[in-house]
Structure formats: C-alpha cells, structure tokens
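Presented below is the structure to which this report refers.
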There are 2 protein chains.
Amino acid sequence: MSSDLKSYLAEKRDLIDRHLDTHMPSEQELPGKIHEAMRYSVFAGGKRLRPILTLAAAEACGGDEQDALFPACATELLHTYSLVHDDLPAMDDDDLRRGRPTSHVVFGEAIAVLAGDALQAEAFRFLAETPANVTYSVADYLREFANCAGSKLLIGGQVLDLEGEGEEVNLSLEQLIAIHERKTAALLTSSIRLGAMSAGASAGQLEALTTFGYNLGLAFQVIDDILDVTADTATLGKTAGKDEASDKSTYPAILGLEKSREEAHRLTKLAMDALAVLGDDAAHLSAIAHYLLDREY
Amino acid sequence: MSSDLKSYLAEKRDLIDRHLDTHMPSEQELPGKIHEAMRYSVFAGGKRLRPILTLAAAEACGGDEQDALFPACATELLHTYSLVHDDLPAMDDDDLRRGRPTSHVVFGEAIAVLAGDALQAEAFRFLAETPANVTYSVADYLREFANCAGSKLLIGGQVLDLEGEGEEVNLSLEQLIAIHERKTAALLTSSIRLGAMSAGASAGQLEALTTFGYNLGLAFQVIDDILDVTADTATLGKTAGKDEASDKSTYPAILGLEKSREEAHRLTKLAMDALAVLGDDAAHLSAIAHYLLDREY
C-alpha cells in the first residue's frame with residue numbers, strides 16, 4: 001500500500017470513528033447495557049471499508065465530505081448489525097470476530113439479537129441526517145438504503161447462503177454469485193451510491209459508480225474466500241478454514257485457487273474500467289480497489 | 001362496540017391488509033422462503049390497531065387517508081418484527097402467537113431472526129413512500145420512526161423488560177412504567193404522530209395527539225396485563241397466565257386487579273381529555289380509545 005493511501009485510509013477511519021462516537025448514544029444513556037453492546041461491536045477495530053467508500057465516492061463526484069459522513073456511518077452501522085446477527089448460534093454460530101469474542105458470547109444471545117436490531121434502527125437514524133440536494137431527497141436515500149437492507153438483497157443473500165450450506169449441497173457458480181451479489185456486493189454498491197447521491201451525482205456518474213461497486217463487491221468476496229483458505233486465524237482476526245469445515249460453497253471450492261485469483265483480477269479490472277469516466281477525482285476510489293485486490297498476496 | 005366503530009375497524013383493517021399485500025414482496029420473489037416467513041407473521045390475523053390509529057390520527061387532522069397508508073403499514077411491519085424477535089427462544093421463548101405457532105417454530109430460528117430483520121427494513125422501505133407536505137419532510141418521518149424503533153425506545157423497553165424478569169426481581173411501579181413507556185406507548189404514539197404528520201398537523205394538534213398516544217399506550221398495556229390474569233388462552237390467542245408463570249412484573253402484580261382497572265380508566269381519561277381540542281374530526285380516535293378500555297370486561 002502506498003503511503004498516500006495508507007494515510008488517507010487512516011485519516012478517514014478516524015473521521016468515521018469520531019462521527020460514530022459523537023452521534024451514537026453513550027453507555028450512560030438508559031438502558032446502558034444495550035448501548036454498551038452496540039458500541040462493543042461498532043468499535044471492534046473494523047477497517048471501515050464501506051464508509052470510506054462512501055466518502056471516496058462523494059469525493060469522486062466533487063461533493064463535500066461533511067455531507068457524506070452520516071450516510072457513511074449508516075453503512076457501517078448496517079454492516080455491524082448484519083455481523084452481530086450472522087454470528088448468532090442460530091446462524092453461523094461464530095465465537096470470534098475481528099480477534100474478539102462475538103456479541104452473544106459477551107452479552108448473551110438476547111442482548112445480541114437486540115443490539116443487532118437497535119444497530120439497524122440506528123443506521124436509519126443516521127441516514128435521516130444526510131442533507132438533501134437539488135438532485136436527491138432523503139426519500140431517495142431511504143429507498144436506496146431500505147432496499148439494500150431488505151429481503152431481496154442483504155437478508156435475501158443471507159437466506160440463500162444458509163440454504164446453500166451443508167455437505168449434501170453443491171452450489172453452481174451462478175448460485176454462489178446470486179448469494180454474493182446480495183450479501184457483499186449490494187452493501188458495497190449502496191455505500192458507494194449513497195456517497196455519490198449525497199454529492200448530487202449526475203446520472204452518468206451514478207451509473208459508473210454502480211458498475212464499479214458491483215464488480216468491486218464481488219471481487220472483494222472472491223478474495224475473502226481465497227483468504228479463508230490461505231491465511232491463518234491470527235492474520236484474519238476470525239476463524240480461518242471455517243468455510244471448508246462447515247462445507248460452505250466458495251469460489252476456491254468451485255473454481256480452484258488459481259481460477260479464483262483470475263476471477264478477482266477480472267472483476268477488479270471491470271470495476272477500474274467503470275471508474276475511467278470520473279477522471280482524477282476518483283483517484284482514491286481507484287487506489288482502494290487496487291489495495292483490496294492486493295490483499296490476496 | 002358500536003356498529004359504526006365495528007364497520008370502521010373492519011373497513012380500515014381490510015384497507016391495511018390490501019395495502020400490505022400489494023406492496024410487500026410476494027412469495028414468488030427470490031428467496032421465496034424469507035417472503036413466506038415475512039407474510040406468515042404479517043398476515044396472522046392481527047387487529048391492525050397501530051395502523052388504524054395512524055389513519056384515524058390523519059383523519060383527526062383533516063388529512064387524506066391515502067397519504068397515511070404507507071406510514072400506517074410501516075408501523076404494523078415494525079410491530080410484527082418486534083413480535084417475531086420477542087418470541088425467539090433466546091427472548092420470551094413463546095410457541096404460540098395469535099393462536100398460531102410462532103415464526104421460529106414454523107421456519108426455524110435462523111429464518112425467524114432474518115424475517116424479523118427483513119420486516120424492520122421493510123417498515124423503513126414503506127415509510128419512504130409517505131408523501132412530504134408543507135410542514136413535514138420524509139426526513140421528519142424518518143427521524144420519528146427510527147427514534148421510536150431504536151435503543152432508547154422500542155429496543156430499550158425490551159432490554160429493561162428482560163432485565164426485570166426472574167423471581168428475585170421486584171420492579172417498582174416507576175420501573176414498570178419505564179418499560180411500557182418504551183415498549184408499548186412509544187410505538188402507539190409514533191403511529192399516531194406519523195398519521196398526524198402525514199396530514200400536515202399543526203404544532204397544537206401534534207402535541208395533543210402525542211399526549212393522547214402516550215396515555216392510550218400505557219392504558220393499553222395495563223389492560224393487556226389485566227387480561228393475562230383474567231382471560232383464558234383461547235380468548236387471548238396467546239398463552240394466558242404466562243406473565244405470572246415467568247415471574248414477570250405486571251400492573252396487577254404491583255397494584256392488584258382493582259387498582260389496575262382504576263389506572264386504566266385514569267389513563268384513558270387523560271387520553272380522552274387531550275383529544276378535546278381536535279373536535280369532531282377525532283370521533284373515530286375517541287371511539288377506538290373507549291373500545292380498548294372496554295376490552296377488560
């Protein structure tokens with residue numbers, strides 16, 4: 001990673017963390033337990049990839065960073081809620097996340113369910129503070145975000161994922177893509193689109209960034225699957241080799257490692273090509289995409 | 001119940017049901033399982049009290065019913081999600097709801113968690129379609145609704161409720177009210193406020209309806225607690241006597257049955273008094289409040 005990108009990511013991550021900390025309810029507010037649980041999962045050392053993409057997309061469309069901060073944090077809150085619920089015993093039953101015990105291990109299952117529920121509501125509460133502009137209203141932001149969070153995208157992907165587990169199931173590549181289009185790519189795409197919308201993006205800019213987000217999101221998932229096979233638990237900060245142990249369909253399982261790496265490159269190139277129309281303003285988005293691809297080495 | 005109120009409730013209930021059916025994803029949409037689970041809980045024979053209050057509040061402020069339909073349905077979707085999650089094994093562990101097996105009994109725990117999650121997102125998706133007016137924007141609706149759904153109100157009430165369970169805990173009346181202000185009264189109040197806002201209510205109208213909603217909501221909960229003691233399972237459509245069996249603090253347990261009935265009357269009177277400024281347009285709201293009080297006999 002270039003030192004320019006490194007300092008950009010560190011600076012934006014701090015900005016996101018401060019904004020979340022300032023605007024989320026404190027642990028002193030009643031009931032303290034739920035705010036403690038919400039903050040435990042939000043401030044767990046995440047990379048803040050989604051909100052940084054929101055900020056970088058706003059920048060790519062010539063927008064004001066301040067206008068993109070609330071929707072950026074909304075995407076991180078939504079992502080965090082989905083992780084808390086995915087980790088539940090009734091779902092993936094994972095005890096470790098980002099190197100720390102998961103919410104239900106620390107707070108019990110009931111509070112983990114409720115913390116996830118509250119984080120989803122909190123995401124929408126943040127979204128309400130996104131300034132409207134000449135092109136986009138809060139109703140537009142809300143439609144975009146609720147659609148992404150709902151039964152056809154995020155939740156739909158998780159349902160297809162659950163249905164695709166177990167040793168008797170062999171997913172086709174098409175079925176695997178149907179899962180990741182909904183689970184990973186949809187939220188990355190919405191994170192990027194919300195940043196663009198907060199900047200009053202033109203129809204052409206929004207279309208280019210949608211293509212970028214979709215392909216980057218799928219590339220990101222391919223690389224996640226590869227790392228689950230090739231990296232160790234300490235590096236990942238979550239249990240490695242879990243996909244294979246749980247008979248989960250993955251890109252390496254269907255395509256093999258080499259073809260999975262090629263697929264990650266192919267998708268990243270499609271993403272980069274889409275960025276071309278945005279010119280130099282998209283330099284940070286472009287650098288982030290390259291960095292995400294480099295994760296596999 | 002008067003025949004006028006009976007036909008009003010039946011007509012509005014049909015209207016809400018049709019609107020939900022038209023605008024929720026069908027079971028044919030991918031993934032079918034999640035839409036089946038969402039619809040199973042939404043179309044479970046609920047009274048549609050919250051959305052009918054939204055419509056009646058819009059009417060009380062001289063609004064157009066059509067403008068209140070989406071926020072009305074949003075309150076029902078949010079209510080349904082909270083029931084699905086409350087019934088989970090990790091929460092109240094209830095197998096019966098409205099006379100039918102609960103979501104996790106029918107679909108399994110993972111799908112029940114996800115159906116609840118998707119219903120919350122669906123509630124916000126519906127809310128986005130509420131028309132703005134001169135006084136209120138979609139940002140105003142969103143702030144109202146997200147605040148109600150979040151960690152300080154709905155979820156906060158559920159957390160306080162969980163913390164107040166168990167035979168070693170004796171809640172004070174004040175602590176019990178702190179729970180129900182958040183759990184029951186907050187959503188009834190928001191349902192009413194959203195109807196008023198969709199009608200472009202004046203500040204005075206909104207304030208009167210907020211007082212109405214708060215007191216009606218608490219009265220509703222007192223009566224619910226009374227019915228749990230005095231009614232049988234067949235009449236309730238859910239397990240009767242469950243509060244006492246689970247050592248749950250209730251109004252009858254703290255105040256006794258007679259004083260609880262007096263409290264329900266007192267709260268209902270406060271609610272009715274607040275309605276006075278709205279005049280004849282509030283006739284249906286007033287009739288509904290009287291009807292809810294009559295439930296105890």
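Each chain of the structure tokens is named A, B, ... in the order shown, its residues numbered from 1; ligands are numbered from 1 in display order.
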Per-residue DSSP, region 77-285 of chain A, filtered to strand (DSSP E), as JSON, numbers by chain: {"A": [96, 97, 100, 101]}
How would the residues just chosen look if you wrote them out with N, CA and C atoms as a short mmCIF file (atom, residue, chain, number, x, y, z; two decimals), in the first residue's frame?
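out_37.cif was written with the following content:
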data_model
loop_
_atom_site.label_atom_id
_atom_site.label_comp_id
_atom_site.auth_asym_id
_atom_site.auth_seq_id
_atom_site.Cartn_x
_atom_site.Cartn_y
_atom_site.Cartn_z
N LEU A 96 -15.80 -15.85 17.45
CA LEU A 96 -14.68 -14.92 17.30
C LEU A 96 -14.93 -14.03 16.09
N ARG A 97 -14.71 -12.73 16.28
CA ARG A 97 -14.90 -11.77 15.19
C ARG A 97 -13.89 -10.65 15.39
N ARG A 100 -11.89 -10.81 18.59
CA ARG A 100 -12.52 -10.67 19.91
C ARG A 100 -13.76 -11.57 19.99
N PRO A 101 -14.15 -11.93 21.22
CA PRO A 101 -15.38 -12.73 21.37
C PRO A 101 -16.57 -11.98 20.75
#
Write out as a tab-separated table the residues of chain B that have any atom within 8 Å of an atom of chain A, one row each with the nearest atom pair and its distance in Å to one decimal, counting only C-alpha atoms, sorted by chain and then rising number.
residue	atom	partner	partner_atom	distance
B:Glu29	CA	A:Lys152	CA	8.0
B:Leu30	CA	A:Lys152	CA	6.8
B:Pro31	CA	A:Gly156	CA	5.9
B:Lys33	CA	A:Val159	CA	7.9
B:Ile34	CA	A:Ser151	CA	6.8
B:His35	CA	A:Ser151	CA	7.2
B:His85	CA	A:Val113	CA	7.9
B:Ala90	CA	A:Ala110	CA	5.2
B:Met91	CA	A:Ala110	CA	5.4
B:Glu109	CA	A:Ala90	CA	5.9
B:Ala110	CA	A:Ala90	CA	5.2
B:Ile111	CA	A:Val159	CA	7.3
B:Val113	CA	A:His85	CA	7.9
B:Leu114	CA	A:Ile155	CA	6.4
B:Ala115	CA	A:Ser151	CA	8.0
B:Asp117	CA	A:Asp117	CA	7.0
B:Ala118	CA	A:Gly150	CA	5.1
B:Leu119	CA	A:Gly150	CA	7.7
B:Ala121	CA	A:Gly150	CA	5.2
B:Glu122	CA	A:Gly150	CA	6.2
B:Phe124	CA	A:Ala146	CA	6.0
B:Arg125	CA	A:Ala146	CA	5.0
B:Ala128	CA	A:Ala139	CA	5.2
B:Glu129	CA	A:Ala139	CA	7.4
B:Val138	CA	A:Ala139	CA	5.7
B:Ala139	CA	A:Ala128	CA	5.3
B:Asp140	CA	A:Ala128	CA	7.9
B:Leu142	CA	A:Ala128	CA	5.9
B:Arg143	CA	A:Arg125	CA	6.0
B:Ala146	CA	A:Arg125	CA	5.1
B:Asn147	CA	A:Arg125	CA	6.6
B:Ala149	CA	A:Ala121	CA	5.9
B:Gly150	CA	A:Ala118	CA	5.0
B:Ser151	CA	A:Ala118	CA	5.2
B:Lys152	CA	A:Leu30	CA	6.8
B:Ile155	CA	A:Ala118	CA	6.3
B:Gly156	CA	A:Pro31	CA	5.9
B:Val159	CA	A:Pro31	CA	7.1
B:Leu160	CA	A:Pro31	CA	6.8
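For Ser191 (chain B), the list of residues within 7 Å, based on only C-alpha atoms and with local chain neighbours fewer than 6 positions off taken out, reads Arg50, Pro51, Leu53, Thr54, Ala72 and Thr75 of chain B.
Proximity ranking of A:Cys61, A:Leu194, A:Leu176, A:Leu49 relative to Lys12 (chain A) places A:Leu49 first, based on only C-alpha atoms.
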Region 131-187 of chain A: residues DSSP assigns to alpha helix (DSSP H), reported as a ChimeraX atom specification: /A:138-149,154-163,173-180,186-187
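Atom to atom, CA of Gly217 (chain A) and CA of Ser2 (chain A) stand 21.9 Å apart.
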Nearby residues (only C-alpha atoms) at most 10 Å from Asp224 (chain A), same-chain spacing under 2 positions excluded, as a ChimeraX atom specification: /A:218-222,226-231,236,250-251,292,295-296
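Using only C-alpha atoms, the smallest distance between any of A:Ser260, A:Thr189, A:Thr135, A:Thr268 and Ala203 (chain A) comes from A:Thr135.
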